[in-house]
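Here the structure comes first, spelled out in structure tokens, and everything after it is commentary.
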Amino acid sequence: MHYTLAQAEEMDRKDPLASFRNRFIIPENEGRKLVYFLGNSLGLQPVNASAYMERVMKDWSTLGVESFFQAEEPWMHYHDKLTGTLSRIVGAKPQEVVVMNQLTVNLHLLLVSFYRPSGKRFKIICEAKAFPSDQYAFETHVRHHGFNPDEAVIEVSPREGEFTLRTEDILDTIRLHADETALVLFGGINYYTGQLFDIEAITKAAQAAGAVAGFDLAHAAGNVPLQLHDWGTDFACWCSYKYLNSGPGAIGGAFIHEKHHQANLPRFAGWWGYDMHNRFKMEKGFVPMPGAEGWQLSTPAVLLYAAHRAALEIVQDAGWDRIQDKRMHLNSFLWDLLEELDLETGGEKIRFITPADPAARGCQVSMLMLKNGKSVYNKLMEEGFIVDWREPDVIRFAPVALYNTYTEVWRFVTRLRELLEAESV
Ligand SMILES: Cc1ncc(COP(=O)(O)O)c(C=O)c1O
């Protein structure tokens with residue numbers, strides 16, 4: 001069935017979250033709003049972000065360092081404005097979540113605590129073609145413990161002719177290496193394919209094998225529903241500049257399950273992780289804050305907190321469940337249109353890398369371009385459809401619930417169809 005533009009417009013009119021688009025600054029070119037489908041890369045700027053950052057600048061200019069305690073919103077407690085909504089998004093208790101650093105830094109800090117090879121249990125199981133930072137983190141931690149990455153890092157690959165991993169293959173690999181695995185660490189969603197892994201099943205299999213289960217949620221946090229606490233996941237970390245819309249180089253986040261809070265795990269410590277009641281006594285001997293905050297290192301990046309707060313407030317106002325409802329609807333509308341387009345073009349122009357199963361994907365679609373891929377991409381970009389190109393021949397795009405519309409999705413697929421049908425682009 002062909003959807004018409006009028007039908008897409010009607011969906012937008014009925015969309016209960018339609019007004020939330022106005023809480024973001026939509027980029028324009030010569031007065032025309034761009035169709036921005038790169039929330040998987042850098043989410044758009046919340047309208048309030050500047051004002052919240054300005055307020056911090058004002059405090060700084062009027063109160064200086066006294067702002068930590070004397071500002072109307074004291075910087076000392078600013079992070080309390082973040083962890084509530086964030087813990088809802090990742091399915092955690094507030095004390096299991098901390099806002100700090102950036103993703104790669106947090107990944108290293110968590111590996112210090114959670115990759116604890118002992119005896120013959122020293123291997124890390126991960127997805128093949130994990131994001132490079134993850135690969136480098138595994139490689140360097142493994143070497144740091146005196147092992148050879150070729151031996152210690154086990155990558156699970158797709159089967160011949162397939163693009164994504166089968167859960168059964170991940171679980172079988174964990175079982176096969178049960179005695180020698182120290183850590184299982186996957187992306188929540190693979191950055192290239194858009195595949196959402198079964199975090200609960202992987203967590204359970206890793207723990208049944210006697211290993212620790214961790215996740216890099218860069219592409220999952222703020223995108224799909226997560227239940228890290230209930231799933232029993234040991235740890236996770238994420239960035240906030242993608243689906244969490246908190247700006248370039250935004251402050252990252254980490255989850256440490258409460259079952260680990262009393263254990264006084266080994267860690268690399270800094271003064272901001274020290275018990276806050278005695279932190280300013282500046283004494284020798286590290287005493288961590290209880291909970292995830294005990295992994296903090298440095299003075300809080302209050303300006304980054306301010307941008308993060310603006311973005312999280314939008315999530316709070318829209319309601320996480322309602323955001324998820326719209327994500328599902330918008331995404332299935334997109335897939336209906338794309339699958340129809342694929343049929344019409346005889347399966348010869350595009351091929352989907354992202355799983356067709358809605359339970360195994362989030363907002364992102366990765367599409368292999370079988371003909372004229374780069375020229376189609378260039379043309380889309382010229383015309384204001386902002387998507388990205390990954391060598392050798394993949395276009396990635398991710399309409400998101402908070403600021404994309406059904407009409408944008410319809411216009412995008414309609415234009416894509418025209419470009420694919422043209423003899424030359
Ligand atoms: C899956 C994944 N992991 C890690 C990173 C690196 O994050 P950062 O540069 O914030 O450390 C990214 C960045 O896009 C990513 O997509």
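Simple scheme: letters A, B, ... for chains in structure tokens order, numbers from 1 for residues in each chain, numbers from 1 for ligands in the order shown.
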query = Residues at most 12 Å from A:Gly232, counting only C-alpha atoms, excluding those fewer than 3 positions away in the same chain, as JSON, numbers by chain?
reply = {"A": [91, 92, 93, 96, 199, 200, 201, 202, 203, 204, 205, 206, 207, 208, 212, 213, 214, 215, 226, 227, 228, 229, 235, 236, 255, 256, 257, 258, 259, 260]}
field: Shell of 8 Å around A:Tyr274, only C-alpha atoms, local chain residues under 2 positions omitted, as an MDAnalysis selection string
entry: chainID A and resid 270:272 276 278:279 286:289 294
Output all heavy atoms for every residue in the selection just made, as a compact mmCIF listing (two decimals), in the first residue's frame.
```txt
# COMPACT_ATOMS: atom_id res chain seq x y z
N GLY A 270 39.89 9.41 41.85
CA GLY A 270 40.19 10.84 41.88
C GLY A 270 39.40 11.47 43.02
O GLY A 270 38.50 10.84 43.58
N TRP A 271 39.72 12.71 43.32
CA TRP A 271 39.14 13.30 44.53
C TRP A 271 37.63 13.45 44.46
O TRP A 271 36.95 13.44 45.47
CB TRP A 271 39.85 14.63 44.86
CG TRP A 271 39.41 15.84 44.06
CD1 TRP A 271 39.33 15.94 42.72
CD2 TRP A 271 39.02 17.11 44.60
NE1 TRP A 271 38.93 17.20 42.34
CE2 TRP A 271 38.73 17.95 43.49
CE3 TRP A 271 38.89 17.64 45.88
CZ2 TRP A 271 38.31 19.27 43.64
CZ3 TRP A 271 38.48 18.95 46.02
CH2 TRP A 271 38.18 19.75 44.92
N TRP A 272 37.08 13.56 43.24
CA TRP A 272 35.62 13.78 43.18
C TRP A 272 34.85 12.48 43.43
O TRP A 272 33.64 12.49 43.63
CB TRP A 272 35.22 14.46 41.87
CG TRP A 272 34.10 15.44 42.14
CD1 TRP A 272 32.77 15.22 41.95
CD2 TRP A 272 34.22 16.75 42.69
NE1 TRP A 272 32.04 16.32 42.35
CE2 TRP A 272 32.92 17.28 42.82
CE3 TRP A 272 35.30 17.54 43.10
CZ2 TRP A 272 32.65 18.56 43.32
CZ3 TRP A 272 35.04 18.81 43.61
CH2 TRP A 272 33.74 19.29 43.71
N MET A 276 31.68 12.42 49.73
CA MET A 276 31.50 13.87 49.63
C MET A 276 31.46 14.56 51.00
O MET A 276 31.76 15.75 51.11
CB MET A 276 30.27 14.22 48.80
CG MET A 276 28.94 14.03 49.44
SD MET A 276 27.62 14.37 48.28
CE MET A 276 27.41 16.10 48.52
N ASN A 278 33.39 14.12 53.44
CA ASN A 278 34.74 14.37 53.95
C ASN A 278 35.73 14.78 52.86
O ASN A 278 36.92 14.89 53.12
CB ASN A 278 35.28 13.12 54.66
CG ASN A 278 34.47 12.84 55.91
OD1 ASN A 278 34.25 13.74 56.72
ND2 ASN A 278 33.99 11.62 56.06
N ARG A 279 35.20 15.00 51.66
CA ARG A 279 36.07 15.25 50.51
C ARG A 279 37.03 16.41 50.76
O ARG A 279 38.20 16.36 50.41
CB ARG A 279 35.19 15.54 49.29
CG ARG A 279 35.95 15.69 48.00
CD ARG A 279 34.99 15.94 46.83
NE ARG A 279 34.11 14.81 46.58
CZ ARG A 279 32.89 14.91 46.04
NH1 ARG A 279 32.39 16.09 45.72
NH2 ARG A 279 32.15 13.84 45.84
N PHE A 286 41.98 6.67 50.02
CA PHE A 286 40.74 6.89 49.25
C PHE A 286 39.54 6.19 49.88
O PHE A 286 39.58 4.98 50.13
CB PHE A 286 40.95 6.39 47.81
CG PHE A 286 39.74 6.58 46.94
CD1 PHE A 286 39.31 7.86 46.59
CD2 PHE A 286 39.00 5.49 46.50
CE1 PHE A 286 38.19 8.05 45.79
CE2 PHE A 286 37.87 5.66 45.69
CZ PHE A 286 37.46 6.95 45.34
N VAL A 287 38.51 6.98 50.14
CA VAL A 287 37.24 6.42 50.65
C VAL A 287 36.16 6.80 49.62
O VAL A 287 35.80 7.96 49.49
CB VAL A 287 36.87 7.05 52.01
CG1 VAL A 287 35.57 6.46 52.53
CG2 VAL A 287 37.99 6.86 53.01
N PRO A 288 35.66 5.81 48.85
CA PRO A 288 34.75 6.19 47.75
C PRO A 288 33.37 6.62 48.23
O PRO A 288 32.91 6.18 49.28
CB PRO A 288 34.64 4.89 46.94
CG PRO A 288 35.01 3.79 47.86
CD PRO A 288 35.92 4.37 48.90
N MET A 289 32.73 7.46 47.41
CA MET A 289 31.30 7.72 47.57
C MET A 289 30.61 6.38 47.42
O MET A 289 31.06 5.54 46.63
CB MET A 289 30.81 8.58 46.40
CG MET A 289 31.24 10.00 46.41
SD MET A 289 30.17 10.98 47.45
CE MET A 289 28.64 11.02 46.53
N GLY A 294 31.15 6.96 43.16
CA GLY A 294 32.48 6.65 43.67
C GLY A 294 33.50 6.42 42.56
O GLY A 294 34.68 6.23 42.84
```
Enumerate, in order of chain and increasing residue number, the residues of chain A with an atom no farther than 6 Å from ligand 1, each with its shortest atom pair and distance in Å to one decimal, counting only C-alpha atoms and all ligand atoms, as CSV.
```
residue,atom,partner,partner_atom_place_in_ligand_line,distance
A:Gln102,CA,ligand 1,10 (O),5.0
A:Leu103,CA,ligand 1,11 (O),4.0
A:Thr104,CA,ligand 1,11 (O),3.6
A:Phe131,CA,ligand 1,1 (C),4.9
A:Ser133,CA,ligand 1,4 (C),5.3
A:Gly187,CA,ligand 1,1 (C),6.0
A:Tyr191,CA,ligand 1,1 (C),5.4
A:Ala218,CA,ligand 1,1 (C),4.8
A:Cys239,CA,ligand 1,10 (O),5.4
```
Within 12 Å of stretch 23-40 of chain A, which residues of stretch 109-198 of chain A show up? Give each one with its shortest atom-to-atom distance in Å (one decimal) and the two atoms involved, counting only C-alpha atoms, rows by chain then rising residue number, as a Markdown table.
```
| residue | atom | partner | partner_atom | distance |
| --- | --- | --- | --- | --- |
| A:Ile189 | CA | A:Asn40 | CA | 10.6 |
| A:Asn190 | CA | A:Asn40 | CA | 11.2 |
| A:Tyr191 | CA | A:Asn40 | CA | 8.5 |
| A:Tyr192 | CA | A:Asn40 | CA | 10.5 |
| A:Thr193 | CA | A:Asn40 | CA | 11.9 |
| A:Gly194 | CA | A:Asn40 | CA | 9.6 |
```
Hey, can you spit out that residue selection with C-alpha atoms as a compact mmCIF listing (two decimals), in the first residue's frame?
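Final file, out_35.txt:
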```txt
# COMPACT_ATOMS: atom_id res chain seq x y z
CA ILE A 189 23.53 -1.29 19.33
CA ASN A 190 26.30 -1.80 16.81
CA TYR A 191 27.23 1.60 15.35
CA TYR A 192 27.59 0.31 11.78
CA THR A 193 24.73 -2.14 11.36
CA GLY A 194 22.23 -0.62 13.81
```
Which residues of stretch 118-233 of chain A have any atom within 12 Å of an atom in stretch 319-343 of chain A when counting only C-alpha atoms, and what is the closest pair of atoms for each, with the distance in Å to one decimal? Order the rows by chain and rising number and write it as CSV.
```
residue,atom,partner,partner_atom,distance
A:Ala221,CA,A:Trp320,CA,11.7
A:Gly222,CA,A:Trp320,CA,8.8
A:Asn223,CA,A:Gln324,CA,8.1
A:Val224,CA,A:Gln324,CA,7.1
A:Pro225,CA,A:Gln324,CA,7.2
A:Leu226,CA,A:Gln324,CA,11.0
```
- [ ] Extract the full set of strand (DSSP E or B) residues from stretch 275-397 of chain A according to DSSP on the backbone, and format it as a VMD selection string.
- [x] chain A and resid 288 350 to 352 361 365 to 369 385 to 386 388 to 390 394 to 397
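For A:Leu111, the list of residues within 10 Å, based on only C-alpha atoms and with local chain neighbours fewer than 6 positions off taken out, reads Val105, Ala137, Phe138, His141, Val142, Leu183, Leu185, Gly214, Phe235 and Arg267 of chain A.
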